[in-house]
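First up is the structure itself, then whatever we jot down about it.
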Amino acid sequence: MTRISLLPARLCAGSRRWLLASLLGTLMACAGVSALANTDDGFTERLVTEFAPWLGSPQEAEILAQSLRSGQPVGNGAASVAPATGALGYGEARLALKLAQGTLAQEGIGRPSAAQLQAALHGGTLDTANGPKQLPGVLPQRAQGQSWGVMAQSVGLSVEDLIPPKSAAPKKAPASKAGKAKKKSGKASAAKSGRKAAAKTGGKKTTKTATAPRKTAPKKTSK
């Protein structure tokens with residue numbers, strides 16, 4: 001069955017672009033993006049969990065995530081170049097990696113080398129099956145004001161592709177045994193002191209009965 005659209009193609013494309021930009025804005029707000037983010041707040045672990053299979057190892061993913069979130073060069077390879085955007089929050093760092101992944105996927109690269117990843121993120125020459133190709137880089141484009149939505153469309157990513165997976169959520173740190181024991185002993189001592197107070201007040205009568213006044217016999221008078 002042929003689907004007929006009553007709207008012009010240009011108007012439909014504009015609506016899709018607006019919808020994508022709106023949904024991306026919602027994703028960024030929900031991710032709690034901050035310009036200067038602490039790299040040890042659990043969100044770096046989320047990036048490592050999601051992108052380690054693509055980058056080859058958790059170590060490579062952690063080094064690259066630290067570079068993106070701190071805005072500083074770290075280690076070698078793609079992480080050795082300072083991001084043109086400066087420090088990125090979790091949401092923007094994740095979008096940068098997703099767009100780099102989509103850029104390389106268009107060229108048939110599923111497991112990138114350090115040089116290929118650097119070209120996708122920071123810009124440079126990428127060797128493809130059709131010869132060398134100059135890439136503008138995700139981070140330089142973002143630093144120049146390009147929106148995430150436009151870049152996502154250019155590499156064929158949908159809104160569903162940009163939603164963070166639930167499996168990458170940071171886990172809460174379990175309470176220490178010492179803390180649990182302290183809390184338990186505190187409850188026991190409170191219950192013990194309560195029982196002592198109840199026994200002290202309930203075992204003895206605190207009320208005193210009033211004594212009746214003594215009657216004195218009248219003296220006899222002599223006649």
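Every chain in the structure tokens has a letter given in the order shown (A, B, ...), and although residue numbers restart at 1 in each chain, ligands are simply numbered from 1 in the order shown.
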Excluding same-chain residues fewer than 4 positions from Leu117 of chain A, what lies within 9 Å of it counting only C-alpha atoms, as a short mmCIF file (atom, residue, chain, number, x, y, z; two decimals) with N, CA and C atoms, in the first residue's frame?
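around_12.cif, written as the output of this step:
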data_model
loop_
_atom_site.label_atom_id
_atom_site.label_comp_id
_atom_site.auth_asym_id
_atom_site.auth_seq_id
_atom_site.Cartn_x
_atom_site.Cartn_y
_atom_site.Cartn_z
N LEU A 55 35.36 0.16 21.53
CA LEU A 55 36.72 0.68 21.54
C LEU A 55 37.77 -0.40 21.74
N GLY A 77 46.82 8.12 21.58
CA GLY A 77 45.72 7.94 20.64
C GLY A 77 44.78 9.12 20.59
N ALA A 78 43.48 8.81 20.46
CA ALA A 78 42.48 9.88 20.36
C ALA A 78 42.40 10.71 21.62
N ALA A 100 30.73 9.81 16.64
CA ALA A 100 31.96 9.27 16.08
C ALA A 100 31.76 7.83 15.63
N GLN A 101 31.01 7.08 16.43
CA GLN A 101 30.70 5.69 16.07
C GLN A 101 29.88 5.63 14.79
N LEU A 104 32.11 6.52 11.64
CA LEU A 104 32.96 5.42 11.19
C LEU A 104 32.15 4.26 10.65
N PRO A 112 37.33 0.67 15.52
CA PRO A 112 38.27 1.66 15.00
C PRO A 112 39.66 1.55 15.63
N SER A 113 40.64 1.94 14.85
CA SER A 113 41.99 2.10 15.38
C SER A 113 42.10 3.47 16.04
N LEU A 121 36.63 11.95 15.86
CA LEU A 121 36.35 12.86 16.97
C LEU A 121 36.93 14.25 16.75
N HIS A 122 38.20 14.31 16.37
CA HIS A 122 38.91 15.59 16.32
C HIS A 122 39.13 16.11 14.90
#
Can you pull out every residue from segment 61-129 of chain A that DSSP, working from the backbone, puts in strand (DSSP E or B), and format the result as a ChimeraX atom specification? /A:124-128
Helix (DSSP H, G or I) residues, from DSSP on the backbone, in segment 65-170 of chain A, as a PyMOL selection string: chain A and resi 65-70+77-80+90-106+114-122+138-143+148-154+159-162+166-168
Which residues, written as an mmCIF file with N, CA and C atoms, in the first residue's frame, have at least one atom at most 10 Å from Ala82 of chain A, with only C-alpha atoms counted and residues fewer than 2 positions away on the same chain left out?
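File part06.cif, as written:
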data_model
loop_
_atom_site.group_PDB
_atom_site.id
_atom_site.type_symbol
_atom_site.label_atom_id
_atom_site.label_comp_id
_atom_site.auth_asym_id
_atom_site.auth_seq_id
_atom_site.Cartn_x
_atom_site.Cartn_y
_atom_site.Cartn_z
ATOM 1 N N SER A 67 39.287 11.963 29.182
ATOM 2 C CA SER A 67 39.728 13.089 28.361
ATOM 3 C C SER A 67 38.553 13.974 27.955
ATOM 4 N N LEU A 68 37.458 13.356 27.542
ATOM 5 C CA LEU A 68 36.285 14.127 27.121
ATOM 6 C C LEU A 68 35.670 14.882 28.289
ATOM 7 N N SER A 70 37.112 15.785 31.193
ATOM 8 C CA SER A 70 37.992 16.767 31.824
ATOM 9 C C SER A 70 38.410 17.877 30.878
ATOM 10 N N GLY A 71 38.289 17.623 29.563
ATOM 11 C CA GLY A 71 38.722 18.624 28.591
ATOM 12 C C GLY A 71 40.227 18.678 28.425
ATOM 13 N N GLN A 72 40.926 17.651 28.901
ATOM 14 C CA GLN A 72 42.385 17.631 28.863
ATOM 15 C C GLN A 72 42.871 16.393 28.110
ATOM 16 N N PRO A 73 44.046 16.473 27.474
ATOM 17 C CA PRO A 73 44.607 15.272 26.832
ATOM 18 C C PRO A 73 45.053 14.265 27.882
ATOM 19 N N VAL A 74 44.740 13.001 27.642
ATOM 20 C CA VAL A 74 45.087 11.927 28.571
ATOM 21 C C VAL A 74 45.629 10.756 27.753
ATOM 22 N N ALA A 78 43.478 8.812 20.462
ATOM 23 C CA ALA A 78 42.482 9.877 20.356
ATOM 24 C C ALA A 78 42.402 10.706 21.618
ATOM 25 N N ALA A 79 42.732 10.103 22.772
ATOM 26 C CA ALA A 79 42.659 10.822 24.044
ATOM 27 C C ALA A 79 43.825 11.784 24.235
ATOM 28 N N SER A 80 44.831 11.711 23.363
ATOM 29 C CA SER A 80 45.997 12.588 23.501
ATOM 30 C C SER A 80 45.748 13.993 22.970
ATOM 31 N N ALA A 84 38.132 20.094 21.462
ATOM 32 C CA ALA A 84 37.931 21.498 21.067
ATOM 33 C C ALA A 84 36.791 22.146 21.838
ATOM 34 N N THR A 85 35.918 21.348 22.405
ATOM 35 C CA THR A 85 34.758 21.858 23.149
ATOM 36 C C THR A 85 35.089 22.189 24.603
ATOM 37 N N GLY A 86 36.248 21.755 25.077
ATOM 38 C CA GLY A 86 36.521 21.857 26.505
ATOM 39 C C GLY A 86 35.871 20.686 27.231
ATOM 40 N N ALA A 87 35.716 20.813 28.545
ATOM 41 C CA ALA A 87 35.139 19.729 29.347
ATOM 42 C C ALA A 87 33.684 19.489 28.970
ATOM 43 N N HIS A 122 38.197 14.311 16.374
ATOM 44 C CA HIS A 122 38.909 15.591 16.319
ATOM 45 C C HIS A 122 39.128 16.114 14.899
ATOM 46 N N LEU A 139 33.911 16.908 17.500
ATOM 47 C CA LEU A 139 34.166 17.933 18.519
ATOM 48 C C LEU A 139 34.429 19.322 17.919
#
For each of A:Ile63, A:Ala143, A:Leu99, A:Ala120, take the minimum atom-to-atom distance to Asp161 of chain A, counting only C-alpha atoms, then give the residue where this is smallest. A:Leu99
Shortest interatomic distance to Gln116 of chain A - which of A:Gly156, A:Gly137, A:Pro83, A:Gly149, counting only C-alpha atoms: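 Among the listed residues, the smallest separation from Gln116 of chain A belongs to A:Gly137.
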Report as a list in words all protein, DNA and RNA residues lying within 8 Å of Leu135 of chain A, evaluated on only C-alpha atoms, omitting residues in the same chain fewer than 5 positions from it.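 Listed by chain and then number, they are Ala119, Ala120, Gly123, Gly124, Thr125 and Leu126 of chain A.
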